[in-house]
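Asks: The structure's right below; bear with me while I get my questions together.
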Amino acid sequence: MKDTEIVALYWQRDPSAIEESRKRYGAYCGSIARSLLKSEEDCEECLNDTWLGAWNSMPEHRPEKLGPYLGKLTRWLCLSRRRRETREIRGGSETDLVLDELSECLPGGADTAAIVERRELSRSINRMLDTMKPDERSVFLARYWLGAPITEIAARHGFTEGKVKTMLRRSRLKLQKQLREEGYA
């Protein structure tokens, strides 16, 4: 079933929209959840929350591409869960490490929470991604979108861990420079 057909089911409030989403994007959203959460129970719960979130948000939103929409929703839910779990006990998790690595590039504070600024920031990051070579982009997204460990990224791409770390460092510096030039930092 095509994305437009699934979205139409959501708009018609047809419960089969959830099952069709699960069939088409369950593996994709599951891989995002598993890379951010360590417990299979937590992953399943976040996936169920993803389908519920899609159900609740569709009357207001009509995404053109359902996969990225569901992926973003899954990622947000997993990171929210992760923050809740580690609010009192910090350190040691891959997610915290990934967010720390990116913190030097991304602006913080209440201004970033504004919807318009987030959209512009997203466009800026996408422009940077468009300038990257496919391997660089793949490594960057694996680390900072999926939250994959460096060892896994290196094995998947046939690189050494040192090469992956160097690629990520250069990408962060490039992103940081671009964001500064565009007034974000």
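Ordered as shown in the structure tokens, chains take letters A, B, and onward, while each chain numbers its residues from 1 and ligands are numbered from 1 in the order shown.
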Give me, as a list in words, all polymer residues having an atom no more than 10 Å from range 150-164 of chain A, counting only C-alpha atoms and skipping those fewer than 2 positions away in the same chain.
Replies: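 The neighbour list is Glu94, Val98, Asp135, Glu136, Ser138, Val139, Phe140, Ala142, Arg143, Gly147, Ala148, Thr166, Met167, Leu168, Arg169 and Arg170 of chain A.
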Asks: What's the 10 Å shell around Glu20 in chain A, counting only C-alpha atoms, without same-chain residues fewer than 2 positions away, as a PyMOL selection string?
Replies: chain A and resi 1-3+5-7+9+15-18+22-26
Asks: So that I can check the surroundings of Asp49 in chain A, please list as a VMD selection string every protein, DNA and RNA residue that reaches within 9 Å of it, counting only C-alpha atoms and ignoring chain neighbours fewer than 4 positions away.
Replies: chain A and resid 44 to 45 53 to 54 73 to 74 77
Asks: Separation of CA of Arg62 in chain A and CA of Arg34 in chain A, in Å?
Replies: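 CA of Arg34 in chain A lies 26.7 Å from CA of Arg62 in chain A.
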Asks: List the spatial neighbours of Ser35 in chain A as a PDB file with N, CA and C atoms, in the first residue's frame - criterion: any atom at most 7 Å away, only C-alpha atoms, same-chain residues fewer than 2 positions off excluded.
Replies:
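So around.pdb came out as:
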```
ATOM      1  N   SER A  31      14.146  -0.378  13.957  1.00  0.00           N
ATOM      2  CA  SER A  31      15.606  -0.225  13.969  1.00  0.00           C
ATOM      3  C   SER A  31      15.990   1.092  14.641  1.00  0.00           C
ATOM      4  N   ILE A  32      15.194   2.127  14.457  1.00  0.00           N
ATOM      5  CA  ILE A  32      15.459   3.392  15.148  1.00  0.00           C
ATOM      6  C   ILE A  32      15.306   3.194  16.654  1.00  0.00           C
ATOM      7  N   ALA A  33      14.226   2.551  17.060  1.00  0.00           N
ATOM      8  CA  ALA A  33      13.975   2.337  18.486  1.00  0.00           C
ATOM      9  C   ALA A  33      15.064   1.471  19.119  1.00  0.00           C
ATOM     10  N   LEU A  37      17.168   2.594  22.336  1.00  0.00           N
ATOM     11  CA  LEU A  37      16.750   1.973  23.585  1.00  0.00           C
ATOM     12  C   LEU A  37      17.330   0.572  23.681  1.00  0.00           C
ATOM     13  N   LEU A 146      20.173   7.633  13.702  1.00  0.00           N
ATOM     14  CA  LEU A 146      19.843   6.325  14.269  1.00  0.00           C
ATOM     15  C   LEU A 146      20.494   6.086  15.626  1.00  0.00           C
ATOM     16  N   GLY A 147      21.548   6.840  15.950  1.00  0.00           N
ATOM     17  CA  GLY A 147      22.234   6.661  17.232  1.00  0.00           C
ATOM     18  C   GLY A 147      23.068   5.404  17.293  1.00  0.00           C
ATOM     19  N   ALA A 148      23.548   4.935  16.148  1.00  0.00           N
ATOM     20  CA  ALA A 148      24.325   3.690  16.089  1.00  0.00           C
ATOM     21  C   ALA A 148      25.702   3.885  16.721  1.00  0.00           C
TER      22      ALA A 148
END
```
